[in-house]
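Participant: This one is target-v7.cif, mmCIF, C-alpha atoms.
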```cif
data_data
loop_
_atom_site.label_atom_id
_atom_site.label_comp_id
_atom_site.auth_asym_id
_atom_site.auth_seq_id
_atom_site.Cartn_x
_atom_site.Cartn_y
_atom_site.Cartn_z
CA MET H 1 0.00 0.00 0.00
CA ALA H 2 1.72 3.15 -1.21
CA VAL H 3 1.68 6.34 0.84
CA ALA H 4 0.11 9.24 -1.05
CA SER H 5 1.95 12.54 -1.45
CA LEU H 6 1.86 14.71 1.66
CA ILE H 7 2.78 17.91 -0.20
CA PRO H 8 -0.06 20.43 -0.66
CA PRO H 9 -1.19 20.83 -4.29
CA ALA H 10 0.72 23.20 -6.56
CA PRO H 11 1.33 26.05 -6.82
CA ALA H 12 3.11 26.71 -3.53
CA THR H 13 1.74 29.71 -1.69
CA GLY H 14 5.11 31.07 -0.54
CA GLU H 15 3.47 32.02 2.76
CA PRO H 16 4.26 30.77 6.28
CA GLN H 17 1.43 30.66 8.82
CA SER H 18 2.34 31.58 12.37
CA GLY H 19 1.45 28.70 14.70
CA CYS H 20 1.62 26.01 12.00
CA TYR H 21 4.50 23.64 12.73
CA MET H 22 4.99 23.22 8.96
CA ALA H 23 5.47 27.00 8.51
CA ALA H 24 9.16 26.54 7.57
CA THR H 25 8.03 25.16 4.20
CA SER H 26 6.48 28.56 3.30
CA ASP H 27 3.55 26.75 1.74
CA CYS H 28 0.76 27.44 4.21
CA GLY H 29 -2.81 28.36 3.41
CA GLY H 30 -5.94 29.18 5.35
CA ARG H 31 -6.20 29.82 9.04
CA LEU H 32 -5.05 27.40 11.72
CA SER H 33 -7.36 24.40 11.85
CA ARG H 34 -8.38 22.16 14.72
CA GLU H 35 -5.95 19.24 14.45
CA HIS H 36 -6.60 16.01 16.36
CA TYR H 37 -3.29 15.04 17.92
CA ILE H 38 -4.83 11.61 18.43
CA SER H 39 -6.54 10.73 15.15
CA ARG H 40 -10.28 10.97 15.66
CA GLY H 41 -11.11 7.94 13.56
CA LEU H 42 -9.11 5.52 15.71
CA ILE H 43 -12.37 4.83 17.53
CA ASP H 44 -15.52 4.62 15.42
CA GLY H 45 -17.84 5.93 18.11
CA PRO H 46 -18.90 9.13 19.89
CA GLU H 47 -16.49 8.62 22.80
CA LEU H 48 -12.77 7.93 23.02
CA ARG H 49 -11.38 5.97 25.96
CA VAL H 50 -8.02 7.51 26.71
CA ARG H 51 -5.16 6.47 28.98
CA GLY H 52 -1.96 8.25 29.89
CA MET H 53 -2.97 11.88 29.53
CA PRO H 54 -1.46 14.08 32.25
CA TRP H 55 -4.72 15.76 33.26
CA GLN H 56 -6.50 12.45 33.92
CA ARG H 57 -7.44 11.49 37.46
CA GLU H 58 -9.00 8.23 36.34
CA GLU H 59 -7.02 5.29 34.94
CA VAL H 60 -9.29 5.29 31.89
CA ALA H 61 -11.26 8.41 31.01
CA ARG H 62 -13.88 9.02 28.34
CA PHE H 63 -13.60 12.05 26.10
CA SER H 64 -15.32 13.32 23.03
CA PRO H 65 -12.72 13.05 20.24
CA ASP H 66 -13.49 16.66 19.35
CA ASN H 67 -11.97 17.74 22.67
CA LEU H 68 -8.52 16.31 21.85
CA VAL H 69 -7.55 19.06 19.42
CA ALA H 70 -5.11 21.94 19.11
CA ARG H 71 -4.56 24.67 16.51
CA ILE H 72 -1.12 23.57 15.29
CA LEU H 73 -1.54 23.19 11.50
CA CYS H 74 -2.90 25.45 8.81
CA ARG H 75 -5.82 24.09 6.82
CA ARG H 76 -3.64 23.48 3.76
CA HIS H 77 -1.14 21.27 5.59
CA ASN H 78 -3.80 19.57 7.69
CA SER H 79 -5.59 18.50 4.53
CA ALA H 80 -2.37 17.40 2.78
CA MET H 81 -1.35 15.11 5.66
CA SER H 82 -4.76 13.56 6.25
CA PRO H 83 -3.74 10.33 4.38
CA LEU H 84 -1.52 9.48 7.36
CA ASP H 85 -4.52 9.50 9.67
CA ALA H 86 -6.27 7.16 7.24
CA HIS H 87 -3.36 4.68 7.40
CA ALA H 88 -3.40 4.70 11.22
CA ILE H 89 -7.17 4.27 11.31
CA ARG H 90 -6.97 1.35 8.87
CA PHE H 91 -4.36 -0.40 11.03
CA PHE H 92 -6.14 0.10 14.34
CA LEU H 93 -9.53 -0.93 12.97
CA SER H 94 -7.85 -4.00 11.44
CA VAL H 95 -6.56 -4.90 14.91
CA GLU H 96 -10.04 -4.43 16.33
CA ALA H 97 -11.68 -6.58 13.65
CA GLY H 98 -8.92 -9.19 13.89
CA LEU H 99 -9.34 -9.50 17.65
CA LYS H 100 -13.09 -9.95 17.32
CA HIS H 101 -12.65 -12.66 14.69
CA ALA H 102 -9.99 -14.57 16.62
CA GLN H 103 -11.88 -14.47 19.92
CA ARG H 104 -15.52 -14.96 18.95
CA ARG H 105 -17.21 -18.30 19.52
CA SER H 106 -17.84 -20.12 16.26
CA LEU H 107 -17.43 -23.51 14.62
CA SER H 108 -15.52 -21.87 11.78
CA ARG H 109 -11.74 -22.37 11.68
CA LYS H 110 -11.08 -19.95 8.83
CA SER H 111 -8.39 -17.32 9.20
CA ARG H 112 -8.94 -13.72 8.16
CA PHE H 113 -6.41 -11.38 6.61
CA TYR H 114 -6.03 -7.60 6.77
CA MET H 115 -3.75 -5.36 4.69
CA THR H 116 -2.23 -2.22 6.21
CA SER H 117 0.76 0.04 5.49
CA GLY H 118 3.80 -0.23 7.73
CA ASP H 119 5.36 2.82 6.07
CA GLY H 120 2.17 4.83 6.54
CA LEU H 121 1.96 3.84 10.20
CA GLU H 122 5.53 5.00 10.89
CA LEU H 123 4.92 8.32 9.12
CA TRP H 124 1.74 8.76 11.17
CA ALA H 125 3.74 8.21 14.37
CA MET H 126 6.21 10.90 13.29
CA LYS H 127 3.37 13.34 12.57
CA THR H 128 1.73 12.47 15.90
CA LEU H 129 4.98 13.14 17.77
CA ALA H 130 5.26 16.57 16.12
CA SER H 131 1.60 17.31 16.86
CA LEU H 132 1.87 16.34 20.52
CA TYR H 133 4.94 18.51 21.04
CA SER H 134 3.52 21.48 19.13
CA SER H 135 0.25 21.30 21.06
CA GLY H 136 2.09 22.02 24.32
CA ILE H 137 0.62 18.94 25.97
CA GLU H 138 2.34 18.02 29.24
CA PHE H 139 2.99 14.30 29.33
CA MET H 140 4.35 13.31 32.72
CA THR H 141 6.12 10.12 33.76
CA PRO H 142 7.54 9.41 37.21
CA GLU H 143 10.97 10.63 36.05
CA HIS H 144 10.39 12.88 33.03
CA ARG H 145 8.33 15.71 31.58
CA PHE H 146 7.67 15.53 27.83
CA ARG H 147 8.22 19.26 27.30
CA ASP H 148 11.83 18.88 28.44
CA PHE H 149 12.66 16.65 25.46
CA GLU H 150 12.18 18.35 22.11
CA PRO H 151 11.86 16.00 19.13
CA PRO H 152 13.88 16.75 15.95
CA MET H 153 11.22 19.06 14.54
CA GLU H 154 13.32 20.38 11.63
CA ARG H 155 13.92 16.86 10.34
CA ILE H 156 10.29 15.89 10.84
CA VAL H 157 9.12 18.92 8.86
CA ALA H 158 11.67 18.15 6.12
CA GLU H 159 10.44 14.56 5.77
CA LEU H 160 6.75 15.46 5.84
CA SER H 161 7.36 17.99 3.05
CA SER H 162 9.52 15.63 0.94
CA PRO H 163 8.25 14.16 -2.37
CA ASN H 164 9.30 10.75 -1.01
CA PRO H 165 8.81 10.98 2.76
CA CYS H 166 10.63 8.51 4.98
CA SER H 167 9.86 8.37 8.68
CA ILE H 168 12.65 8.85 11.19
CA MET H 169 10.70 6.45 13.43
CA THR H 170 10.89 2.66 13.25
CA LEU H 171 8.09 0.44 14.52
CA SER H 172 9.01 -2.42 16.82
CA LEU H 173 6.82 -4.84 18.75
CA PRO H 174 7.83 -6.09 22.20
CA LEU H 175 7.72 -9.82 22.84
CA MET H 176 7.55 -9.55 26.62
CA GLN H 177 4.10 -9.96 28.12
CA ASP H 178 4.50 -7.14 30.64
CA ALA H 179 4.98 -4.62 27.80
CA HIS H 180 1.31 -5.09 26.90
CA GLU H 181 -1.84 -4.63 28.88
CA GLU H 182 -3.02 -7.61 30.87
CA GLN H 183 -6.29 -7.63 28.96
CA ILE H 184 -5.65 -7.47 25.23
CA GLY H 185 -8.73 -6.20 23.45
CA ARG H 186 -9.53 -3.31 25.80
CA ARG H 187 -11.06 -0.57 23.66
CA ALA H 188 -8.73 2.23 24.74
CA VAL H 189 -5.78 4.18 23.40
CA SER H 190 -2.75 5.62 25.16
CA ILE H 191 0.24 7.53 23.84
CA GLY H 192 3.36 8.53 25.74
CA PRO H 193 7.01 9.49 25.21
CA ILE H 194 9.99 7.18 25.71
CA VAL H 195 13.16 8.73 27.16
CA ASP H 196 16.56 7.02 27.02
CA ASP H 197 17.90 7.20 30.57
CA GLU H 198 21.50 6.74 29.41
CA THR H 199 21.56 9.58 26.88
CA GLY H 200 18.85 11.71 28.47
CA GLU H 201 17.20 12.13 25.06
CA LEU H 202 13.76 11.42 23.65
CA SER H 203 14.08 8.02 21.98
CA GLY H 204 10.59 7.22 20.81
CA LEU H 205 6.85 7.07 21.27
CA LEU H 206 4.85 4.30 22.91
CA VAL H 207 1.34 3.73 21.56
CA ARG H 208 -1.05 1.19 23.05
CA MET H 209 -4.23 0.32 21.19
CA HIS H 210 -6.57 -2.47 22.21
CA GLY H 211 -3.93 -3.34 24.81
CA ILE H 212 -1.15 -4.04 22.28
CA ALA H 213 2.05 -2.01 22.67
CA LEU H 214 3.63 -0.45 19.57
CA VAL H 215 7.05 1.16 20.02
CA PHE H 216 8.10 3.82 17.50
CA ASN H 217 11.87 4.32 17.83
CA ILE H 218 13.57 7.55 16.74
CA ASP H 219 16.67 7.06 14.55
CA LEU H 220 17.03 3.33 15.12
CA PRO H 221 20.37 2.49 13.42
CA ASP H 222 19.44 -1.15 12.74
CA LYS H 223 17.41 -3.97 14.21
CA ASP H 224 20.42 -5.17 16.22
CA ALA H 225 20.18 -1.99 18.31
CA LEU H 226 16.92 -3.27 19.80
CA PRO H 227 16.67 -5.58 22.79
CA GLU H 228 16.28 -9.25 21.92
CA THR H 229 12.74 -8.97 23.22
CA GLU H 230 11.61 -6.69 20.36
CA ILE H 231 11.18 -7.23 16.63
CA ALA H 232 11.76 -4.28 14.31
CA ARG H 233 9.40 -3.64 11.42
CA PRO H 234 7.40 -6.87 11.51
CA ASP H 235 5.84 -7.85 8.20
CA MET H 236 2.88 -9.60 9.80
CA ILE H 237 1.10 -9.75 13.14
CA ASP H 238 -0.80 -12.94 13.96
CA LEU H 239 -3.65 -12.64 16.46
CA ILE H 240 -4.12 -16.24 17.58
CA GLY H 241 -7.36 -17.23 19.25
CA MET H 242 -8.38 -20.63 20.55
CA ASP H 243 -9.68 -21.79 17.17
CA ARG H 244 -8.91 -19.07 14.62
CA THR H 245 -6.13 -16.72 13.57
CA SER H 246 -6.27 -13.21 12.17
CA ARG H 247 -3.23 -12.03 10.23
CA ILE H 248 -2.42 -8.34 9.74
CA PHE H 249 0.01 -7.54 6.93
CA LEU H 250 2.15 -4.39 7.14
CA SER H 251 3.26 -3.52 3.61
CA ARG H 252 6.49 -1.63 2.91
CA ALA H 253 8.13 -0.10 -0.15
CA LYS H 254 11.37 -1.95 0.66
CA ARG H 255 10.75 -5.63 1.27
CA ARG H 256 13.11 -8.06 2.96
CA PRO H 257 13.86 -11.50 1.52
CA GLU H 258 12.39 -13.14 4.63
CA ALA H 259 9.24 -12.07 6.43
CA TRP H 260 9.12 -11.50 10.19
CA ILE H 261 5.99 -12.47 12.08
CA VAL H 262 4.96 -11.48 15.60
CA GLN H 263 2.49 -13.85 17.25
CA ILE H 264 0.03 -12.67 19.87
CA ARG H 265 -1.83 -15.47 21.61
CA LEU H 266 -5.22 -14.48 22.96
CA SER H 267 -6.85 -15.91 26.07
CA HIS H 268 -6.07 -19.59 25.46
CA PRO H 269 -2.88 -21.35 24.32
CA ARG H 270 -2.93 -23.53 21.25
CA LYS H 271 -0.51 -26.31 20.41
CA ASP H 272 -0.56 -26.07 16.64
CA PRO H 273 1.28 -23.28 14.77
CA PRO H 274 -0.71 -20.44 13.18
CA ALA H 275 -2.02 -20.73 9.65
CA GLY H 276 0.33 -19.62 6.88
CA ARG H 277 3.79 -20.49 5.69
CA SER H 278 6.59 -20.99 8.19
CA ASP H 279 8.43 -17.74 7.60
CA ARG H 280 11.41 -16.77 9.68
CA GLY H 281 10.23 -15.47 13.02
CA CYS H 282 7.12 -17.65 13.10
CA ASN H 283 8.48 -19.77 15.95
CA ARG H 284 9.62 -16.86 18.08
CA GLN H 285 8.30 -16.55 21.62
CA PRO H 286 4.68 -15.32 21.50
CA LEU H 287 3.59 -12.19 23.28
CA ARG H 288 1.05 -14.01 25.38
CA LYS H 289 0.72 -17.61 26.42
#
```
Is it possible to give me this structure as structure tokens?
Facilitator:
Amino acid sequence: MAVASLIPPAPATGEPQSGCYMAATSDCGGRLSREHYISRGLIDGPELRVRGMPWQREEVARFSPDNLVARILCRRHNSAMSPLDAHAIRFFLSVEAGLKHAQRRSLSRKSRFYMTSGDGLELWAMKTLASLYSSGIEFMTPEHRFRDFEPPMERIVAELSSPNPCSIMTLSLPLMQDAHEEQIGRRAVSIGPIVDDETGELSGLLVRMHGIALVFNIDLPDKDALPETEIARPDMIDLIGMDRTSRIFLSRAKRRPEAWIVQIRLSHPRKDPPAGRSDRGCNRQPLRK
């Protein structure tokens, strides 16, 4: 699945818009729009269940998606980058549908397959990181404050305005059970920064959706830089239920000779391997047993 151009249509306006984090491109247009720093369509309902926001007093709070907005992009750039929201929505709704299929009670043993864009998801994470920082939101962890760790905004703007954008963020999936929520399938979303304690720098963004942890690493040199308990840029995610499997494909412009699969076992263990060919990575330790 190719990522559409993120550049506003020609001709360029030659105008920067104060308050738009893409103003350095001098191609702004229209007033500042209300940008959702968490894509509204991630939940197809009137309420969004949100975790990890600094103003929350409850573990899980319900918000109208229209409340999670900030005026950080001009209308021209907001419209041009909307395809990234569509890629994220497609992935997260695929996870939701895949979980329902794998966990529902049925005599059917058929697997289901979902196609998403790995490149689009990584670009969305980069845009989300820029949006969160530009919005002035105050993420707090026990040791760190998000505002103290500025992301590489100049590079992010350069990539988002490139004819062939390439994200500076690399998706990896943890294999350790405690990296994910105890109850996979919870209809909630959380987003938070990751700070490298050794370097004291912002190293990534952690996104949890439906209880599954997605780590977006900034400037990952290669997959060997990750812990052994994480897989970089998986090609497929298998959601393995008691009787059925859902497989989510993450397409990329640059394909590897061997595919990497992350298995997530849901609720009950199963002795037989998941449906599909035995690609490299298929026998790796599952996320859940």
Participant: Calculated over all atoms listed in the file, which of the candidates H:Ser33, H:Thr199, H:Ser79, H:Ser117 has the smallest distance to Arg233 of chain H?
Facilitator: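 Once distances to Arg233 of chain H are computed over all atoms listed in the file, the minimum belongs to H:Ser117.
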Participant: Could you tell me which of H:Met81, H:Arg34, H:Leu107, H:Leu226 comes closest to Glu159 of chain H if we count all atoms listed in the file?
Facilitator: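 Closest residue, counting all atoms listed in the file: H:Met81.
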Participant: Could you work out an axis-aligned box for segment 122-135 of chain H, taking every atom the file lists and adding 5 Å on each side, and report centre and edge lengths in Å to one decimal, as lines of an AutoDock Vina configuration file?
Facilitator:
```
center_x = 3.2
center_y = 13.2
center_z = 15.1
size_x = 16.0
size_y = 26.5
size_z = 21.9
```
Participant: Grab the atom CA of Ile212 of chain H to atom CA of Leu73 of chain H distance for me, in Å with one decimal place.
Facilitator: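 Answer for the atom CA of Ile212 of chain H to atom CA of Leu73 of chain H separation: 29.3 Å.
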Participant: With distances taken over all atoms listed in the file, which of H:Ser134, H:Ser94, H:Ser251, H:Thr128 is nearest to Gly192 of chain H?
Facilitator: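 Using all atoms listed in the file, the shortest distance to Gly192 of chain H belongs to H:Thr128.
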Participant: Distance atom CA of Asp238 of chain H-atom CA of Cys166 of chain H, one decimal place?
Facilitator: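 Straight-line distance from atom CA of Asp238 of chain H to atom CA of Cys166 of chain H works out to 25.9 Å.
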Participant: Enter the distance from atom CA of Arg244 of chain H to atom CA of Lys110 of chain H, in Å, rounded to one decimal.
Facilitator: 6.2 Å
Participant: Please determine, counting only C-alpha atoms, which residue among H:Ser135, H:Gln263, H:Ser111, H:Thr229 has the shortest atom-to-atom distance to Tyr21 of chain H.
Facilitator: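 Under the stated criterion, the closest residue is H:Ser135.
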Participant: Name the residues captured by the PyMOL selection byres ((chain H and resi 102) around 12) when it is applied to the shown file; answer as a PyMOL selection string.
Facilitator: chain H and resi 94-101+103-113+184-185+238-248+264-268+274
Participant: With C-alpha atoms retained, write the just-selected residues as a tab-separated table (two decimals), keeping the file's coordinate frame.
Facilitator:
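The result, written out as part_31.tsv:
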```tsv
chain	number	residue	atom	x	y	z
H	94	SER	CA	-7.85	-4.00	11.44
H	95	VAL	CA	-6.56	-4.90	14.91
H	96	GLU	CA	-10.04	-4.43	16.33
H	97	ALA	CA	-11.68	-6.58	13.65
H	98	GLY	CA	-8.92	-9.19	13.89
H	99	LEU	CA	-9.34	-9.50	17.65
H	100	LYS	CA	-13.09	-9.95	17.32
H	101	HIS	CA	-12.65	-12.66	14.69
H	103	GLN	CA	-11.88	-14.47	19.92
H	104	ARG	CA	-15.52	-14.96	18.95
H	105	ARG	CA	-17.21	-18.30	19.52
H	106	SER	CA	-17.84	-20.12	16.26
H	107	LEU	CA	-17.43	-23.51	14.62
H	108	SER	CA	-15.52	-21.87	11.78
H	109	ARG	CA	-11.74	-22.37	11.68
H	110	LYS	CA	-11.08	-19.95	8.83
H	111	SER	CA	-8.39	-17.32	9.20
H	112	ARG	CA	-8.94	-13.72	8.16
H	113	PHE	CA	-6.41	-11.38	6.61
H	184	ILE	CA	-5.65	-7.47	25.23
H	185	GLY	CA	-8.73	-6.20	23.45
H	238	ASP	CA	-0.80	-12.94	13.96
H	239	LEU	CA	-3.65	-12.64	16.46
H	240	ILE	CA	-4.12	-16.24	17.58
H	241	GLY	CA	-7.36	-17.23	19.25
H	242	MET	CA	-8.38	-20.63	20.55
H	243	ASP	CA	-9.68	-21.79	17.17
H	244	ARG	CA	-8.91	-19.07	14.62
H	245	THR	CA	-6.13	-16.72	13.57
H	246	SER	CA	-6.27	-13.21	12.17
H	247	ARG	CA	-3.23	-12.03	10.23
H	248	ILE	CA	-2.42	-8.34	9.74
H	264	ILE	CA	0.03	-12.67	19.87
H	265	ARG	CA	-1.83	-15.47	21.61
H	266	LEU	CA	-5.22	-14.48	22.96
H	267	SER	CA	-6.85	-15.91	26.07
H	268	HIS	CA	-6.07	-19.59	25.46
H	274	PRO	CA	-0.71	-20.44	13.18
```
Participant: Pick the closest to Pro165 of chain H from H:Ala225, H:Leu202, H:Leu84, H:Val69: which is it, counting all atoms listed in the file?
Facilitator: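 Selected residue with least distance to Pro165 of chain H: H:Leu84.
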Participant: Write out as a list in words the residues lying within 12 Å of Asp196 of chain H, counting only C-alpha atoms and excluding same-chain residues fewer than 5 positions away.
Facilitator: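 Neighbouring residues, sequence-local ones excluded: Glu143, His144, Phe149, Glu201, Leu202, Ser203, Gly204, Leu205, Asn217 and Ile218 of chain H.
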Participant: Going by the chain IDs and residue numbers used in this file, which residues fall under the PyMOL selection byres ((chain H and resi 223) around 12)? Write them as a PyMOL selection string.
Facilitator: chain H and resi 170-173+217+219-222+224-234+260
Participant: Kindly resolve the PyMOL selection byres ((chain H and resi 208) around 8) on the present coordinates and return the residues as a PyMOL selection string.
Facilitator: chain H and resi 180+188-191+206-207+209-214
Participant: Just checking: using all atoms listed in the file, which residue out of H:Pro151, H:Pro9, H:Pro83, H:Pro163 ends up closest to Leu132 of chain H?
Facilitator: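 For Leu132 of chain H, the nearest of the given residues is H:Pro151.
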